[in-house]
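Student: entry-v2.txt is reproduced below (compact mmCIF, C-alpha atoms).
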```
# COMPACT_ATOMS: atom_id res chain seq x y z
CA MET A 99 0.00 0.00 0.00
CA THR A 100 1.26 3.47 -0.80
CA LEU A 101 0.84 6.28 1.66
CA THR A 102 -0.53 9.71 1.02
CA ARG A 103 1.52 12.78 1.85
CA THR A 104 -0.74 13.42 4.85
CA GLN A 105 -0.39 9.88 6.18
CA ALA A 106 3.39 9.97 5.81
CA THR A 107 3.58 13.33 7.59
CA GLN A 108 1.44 12.07 10.46
CA ILE A 109 3.62 8.99 10.95
CA ILE A 110 6.86 10.98 10.76
CA GLU A 111 5.67 13.59 13.26
CA ARG A 112 4.12 11.07 15.66
CA GLU A 113 7.22 8.84 15.67
CA GLY A 114 9.70 11.75 15.76
CA MET A 115 11.48 10.47 12.68
CA LYS A 116 14.12 12.42 10.78
CA HIS A 117 13.67 13.11 7.07
CA ARG A 118 17.31 12.24 6.47
CA ALA A 119 16.92 8.74 7.95
CA ILE A 120 13.73 7.99 6.02
CA ALA A 121 15.19 9.25 2.74
CA GLN A 122 18.37 7.25 3.23
CA ARG A 123 16.43 4.03 3.92
CA ALA A 124 14.17 4.72 0.92
CA GLY A 125 17.16 5.43 -1.34
CA ILE A 126 16.13 8.98 -2.23
CA HIS A 127 17.58 12.41 -1.50
CA ARG A 128 16.44 14.16 1.69
CA VAL A 129 15.45 17.28 -0.26
CA THR A 130 13.24 15.19 -2.55
CA LEU A 131 11.41 13.76 0.46
CA SER A 132 11.07 17.16 2.12
CA ARG A 133 9.73 18.80 -1.05
CA TRP A 134 7.11 16.05 -1.38
CA LEU A 135 6.07 16.26 2.27
CA ASN A 136 5.74 20.05 1.95
CA GLY A 137 3.64 19.78 -1.22
CA HIS A 138 6.24 21.33 -3.51
CA ALA A 139 6.90 18.23 -5.61
CA GLU A 140 5.51 14.84 -6.51
CA LEU A 141 7.44 11.59 -6.07
CA LYS A 142 8.06 9.16 -8.88
CA PRO A 143 5.92 6.05 -8.34
CA GLU A 144 8.95 3.94 -7.45
CA ASN A 145 10.12 6.52 -4.88
CA LEU A 146 6.64 6.75 -3.38
CA GLN A 147 6.62 2.98 -3.02
CA ALA A 148 10.06 3.06 -1.38
CA VAL A 149 8.97 5.69 1.16
CA SER A 150 5.76 3.75 1.82
CA SER A 151 7.79 0.60 2.42
CA VAL A 152 10.00 2.37 4.96
CA LEU A 153 6.95 3.67 6.84
CA ALA A 154 4.81 0.53 6.41
CA ARG A 155 5.52 -0.88 9.86
CA TYR A 156 3.92 2.14 11.56
CA GLU A 157 0.18 2.34 12.17
CA ILE A 158 -1.78 4.85 10.15
CA ASN A 159 -4.29 6.93 12.14
```
As structure tokens, please, write out the structure in this file.
Tutor:
Amino acid sequence: MTLTRTQATQIIEREGMKHRAIAQRAGIHRVTLSRWLNGHAELKPENLQAVSSVLARYEIN
């Protein structure tokens, strides 16, 4: 399952995660992740899947 920007932001804030760590685990640049989370860019489908995979173990509210 792929996450929405809002879901990803909620997980990151709730868990106190760092953008750098998520981006590194997803194999994308930190700025790319930050721009997507802030609504300034869209992720390529494969990058969205990678971010979703990193965050998949956390419960979505």
Student: Counting only C-alpha atoms, which residues come within 12 Å of (14.3, 12.7, -1.6), with the point read in the file's coordinates, and could you list them as number ranges by chain?
Tutor: A: 117-136, 138-142, 144-146, 148-149
Student: Using all atoms listed in the file, find the one residue out of A:Gly137, A:Gln105, A:Glu113, A:Met99 that sits nearest to Asn159 in chain A.
Tutor: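 Ranking A:Gly137, A:Gln105, A:Glu113, A:Met99 by distance to Asn159 in chain A, first place goes to A:Gln105.
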Student: For Thr100 in chain A, list every protein, DNA or RNA residue within 10 Å, evaluated using all atoms listed in the file, and leave out those in the same chain fewer than 6 positions away; present the list as a list in words.
Tutor: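 Listed by chain and then number, they are Ala106, Pro143, Leu146, Gln147, Ala148, Val149, Ser150, Ser151, Leu153 and Ala154 of chain A.
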